[in-house]
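In what follows, a single structure is set out as structure tokens and then discussed.
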Number of protein chains: 2
Amino acid sequence: MDADGIHGQLDTLILATLNRGEAHGYAIITALKELSGDRLDLPSGTVYPALRRLERAGSISGTWTEGPGRRRRVYALTGDGAKALEKGLSDWRSLREVMGAVLEA
Amino acid sequence: MDADGIHGQLDTLILATLNRGEAHGYAIITALKELSGDRLDLPSGTVYPALRRLERAGSISGTWTEGPGRRRRVYALTGDGAKALEKGLSDWRSLREVMGAVLEA
DNA sequence: GACTACATGTAGAGGTTCTACATATCAAGT
DNA sequence: ACTTGATATGTAGAACCTCTACATGTAGTC
């Protein structure tokens with residue numbers, strides 16, 4: 001599946017990934033790729049702006065790594081982010097139910 | 001669920017509704033509302049532009065009713081529309097699989 | 001006569017995701 | 001030393017979807 005099939009579920013996917021532990025952007029991209037069995041390959045131009053948006057919204061908090069090595073911005077789920085994840089999961093379940101009801105009617 | 005949870009599935013929902021038989025815009029809105037058990041209540045400002053878009057794309061064909069009574073534009077699924085519906089269903093299944101894989105990992 | 005349901009539509013705003021580009025570090029091979 | 005590929009982050013501009021709010025008019029009912 002190319003990236004343009006996630007339609008509004010990107011935030012939930014990112015929050016769910018961070019719920020398993022903090023991670024930096026590139027790691028989130030590779031994690032989603034692996035977790036999805038190579039079906040999700042999100043472009044950086046999609047993920048990085050989403051991370052900034054989620055941070056601005058208070059759902060995740062980012063910190064730059066210190067010391068040598070590649071600079072990374074590591075993100076962690078906040079309390080508000082956990083709530084946002086719950087809402088995202090709930091919305092996803094609703095969508096699944098509605099789609100099921102209409103498609104299998 | 002309010003309308004802003006359908007995220008890119010609107011076309012598939014409309015095409016699936018028309019796959020059960022031709023219908024005009026307002027009827028599609030009420031059909032989706034009933035089929036979903038009142039969970040979907042799409043605003044006209046969302047559905048009518050979507051119908052025009054789908055017609056422009058060749059997925060559905062519309063004709064104005066003749067004679068007295070309220071003017072209605074009745075839409076029917078085209079051959080291309082049936083293909084588009086197939087693709088929409090396939091995309092939806094992919095999304096469900098990817099979401100399942102990531103969320104239940 | 002007023003109100004509700006039916007019926008279609010436009011305008012403008014807001015948001016998400018895309019493609020393409022830009023930059024830089026590190027490891028491995030040659 | 002040089003090149004290549006993987007790692008890592010980010011911006012710019014375009015395209016697209018859905019929303020809210022508004023606008024218009026018909027048909028039926030009380």
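Chain labels follow the order of the structure tokens: the first chain is A, the next B, and so on; residue numbering restarts at 1 in every chain, and ligands are counted from 1 in their shown order.
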Could you pull out all residues of stretch 16-89 of chain A with a DSSP call of helix (DSSP H, G or I) and give them as a ChimeraX atom specification?
/A:16-18,25-35,44-56,79-89
Within 12 Å of chain D: residues of chain B, using only C-alpha atoms (C1' of nucleotides), as a list in words
Asp2, Ala3, Asp4, Gly5, Ile6, His7, Gly8, Gln9, Leu10, Asp11, Leu42, Pro43, Ser44, Gly45, Thr46, Val47, Tyr48, Pro49, Ala50, Arg53, Pro68, Gly69, Arg70, Arg71 and Arg72 of chain B
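What separates atom C1' of C:DT17 from atom CA of A:Leu15 is a distance of 17.3 Å.
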Just the residues within 7 Å of stretch 79-93 of chain A, please, counting only C-alpha atoms (C1' of nucleotides), with nothing from its chain fewer than 2 positions along; format it as a ChimeraX atom specification.
/A:12,15-16,58-60,77,95-97 /B:5
File dump, residues just selected, C-alpha atoms, as a compact mmCIF listing (two decimals), in the first residue's frame:
# COMPACT_ATOMS: atom_id res chain seq x y z
CA THR A 12 -3.15 7.26 15.42
CA LEU A 15 0.81 7.67 18.60
CA ALA A 16 0.38 3.90 18.72
CA GLY A 58 0.87 18.60 23.04
CA SER A 59 0.37 14.92 22.21
CA ILE A 60 4.08 14.18 22.06
CA LEU A 77 3.94 10.18 24.28
CA LEU A 95 -15.18 3.94 11.30
CA ARG A 96 -14.70 0.20 11.04
CA GLU A 97 -18.20 -0.41 12.34
CA GLY B 5 -14.40 10.57 10.80
Check which residues of chain A sit at most 6 Å from chain B using only C-alpha atoms, and return one row each with the closest pair of atoms and their distance in Å to one decimal, ordered by chain and rising number, as CSV.
residue,atom,partner,partner_atom,distance
A:His7,CA,B:His7,CA,5.3
A:Gly8,CA,B:His7,CA,5.6
A:Leu35,CA,B:Val102,CA,5.5
A:Ser36,CA,B:Val98,CA,5.4
A:Val98,CA,B:Ser36,CA,5.4
A:Ala101,CA,B:Ser36,CA,5.6
A:Val102,CA,B:Leu35,CA,5.5
Let's have the selection written as a PDB file, in the first residue's frame, with N, CA and C atoms.
ATOM      1  N   HIS A   7      -5.253   8.025   5.113  1.00  0.00           N
ATOM      2  CA  HIS A   7      -6.400   8.916   5.310  1.00  0.00           C
ATOM      3  C   HIS A   7      -6.806   9.214   6.749  1.00  0.00           C
ATOM      4  N   GLY A   8      -6.073  10.094   7.363  1.00  0.00           N
ATOM      5  CA  GLY A   8      -6.493  10.552   8.685  1.00  0.00           C
ATOM      6  C   GLY A   8      -6.116   9.625   9.815  1.00  0.00           C
ATOM      7  N   LEU A  35       6.319  -3.191  11.247  1.00  0.00           N
ATOM      8  CA  LEU A  35       5.095  -3.664  11.892  1.00  0.00           C
ATOM      9  C   LEU A  35       4.024  -4.019  10.864  1.00  0.00           C
ATOM     10  N   SER A  36       4.036  -3.265   9.752  1.00  0.00           N
ATOM     11  CA  SER A  36       2.991  -3.474   8.750  1.00  0.00           C
ATOM     12  C   SER A  36       3.394  -4.530   7.723  1.00  0.00           C
ATOM     13  N   VAL A  98     -18.968   1.465  11.009  1.00  0.00           N
ATOM     14  CA  VAL A  98     -19.804   2.111  10.002  1.00  0.00           C
ATOM     15  C   VAL A  98     -19.527   1.530   8.623  1.00  0.00           C
ATOM     16  N   ALA A 101     -21.006  -1.863   8.412  1.00  0.00           N
ATOM     17  CA  ALA A 101     -22.466  -1.836   8.340  1.00  0.00           C
ATOM     18  C   ALA A 101     -22.934  -1.487   6.931  1.00  0.00           C
ATOM     19  N   VAL A 102     -22.265  -0.531   6.310  1.00  0.00           N
ATOM     20  CA  VAL A 102     -22.699  -0.097   4.981  1.00  0.00           C
ATOM     21  C   VAL A 102     -22.276  -1.099   3.907  1.00  0.00           C
TER      22      VAL A 102
END
What are the nearest atom pairs, with distances in Å to one decimal, for all residues of chain C that come at most 10 Å from chain A, using only C-alpha atoms (C1' of nucleotides), set out by chain and rising residue number as a Markdown table?
| residue | atom | partner | partner_atom | distance |
| --- | --- | --- | --- | --- |
| C:DT16 | C1' | A:Gly8 | CA | 7.2 |
| C:DT17 | C1' | A:Thr46 | CA | 6.2 |
| C:DC18 | C1' | A:Thr46 | CA | 7.5 |
| C:DT19 | C1' | A:Gly45 | CA | 8.6 |
| C:DA20 | C1' | A:Gly45 | CA | 9.5 |
| C:DA24 | C1' | A:Arg70 | CA | 9.0 |
| C:DT25 | C1' | A:Arg70 | CA | 5.7 |
| C:DC26 | C1' | A:Arg70 | CA | 7.8 |
Can I get the selection written as a CSV table (one decimal), in the first residue's frame, with C-alpha atoms (C1' of nucleotides)?
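Output file selection_25.csv follows:
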chain,number,residue,atom,x,y,z
C,16,DT,C1',-3.9,16.5,5.6
C,17,DT,C1',-0.9,14.3,2.7
C,18,DC,C1',1.8,14.3,-1.4
C,19,DT,C1',6.0,15.1,-4.4
C,20,DA,C1',10.2,17.1,-4.8
C,24,DA,C1',24.1,16.6,6.6
C,25,DT,C1',26.3,12.5,9.1
C,26,DC,C1',28.1,7.8,9.2
Stretch 19-89 of chain B: which residues are strand (DSSP E or B) by DSSP, as a ChimeraX atom specification?
/B:23-24,60-64,73-77
Could the residues in this selection be written to a file with C-alpha atoms, as a compact mmCIF listing (two decimals), in the first residue's frame?
# COMPACT_ATOMS: atom_id res chain seq x y z
CA ALA B 23 -30.46 7.05 -6.01
CA HIS B 24 -30.47 10.83 -5.71
CA ILE B 60 -21.36 7.76 -11.62
CA SER B 61 -23.80 9.28 -14.10
CA GLY B 62 -26.55 11.68 -13.11
CA THR B 63 -29.83 12.60 -14.74
CA TRP B 64 -32.47 15.12 -13.70
CA ARG B 73 -30.68 14.34 -9.78
CA VAL B 74 -30.59 10.56 -9.86
CA TYR B 75 -27.20 8.92 -9.96
CA ALA B 76 -26.25 5.46 -11.18
CA LEU B 77 -22.99 3.56 -10.92
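The interatomic distance for the pair atom CA of B:Thr78 and atom CA of B:Glu55 works out to 9.4 Å.
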Here atom C1' of C:DG12 and atom CA of A:Leu51 stand apart by 28.0 Å
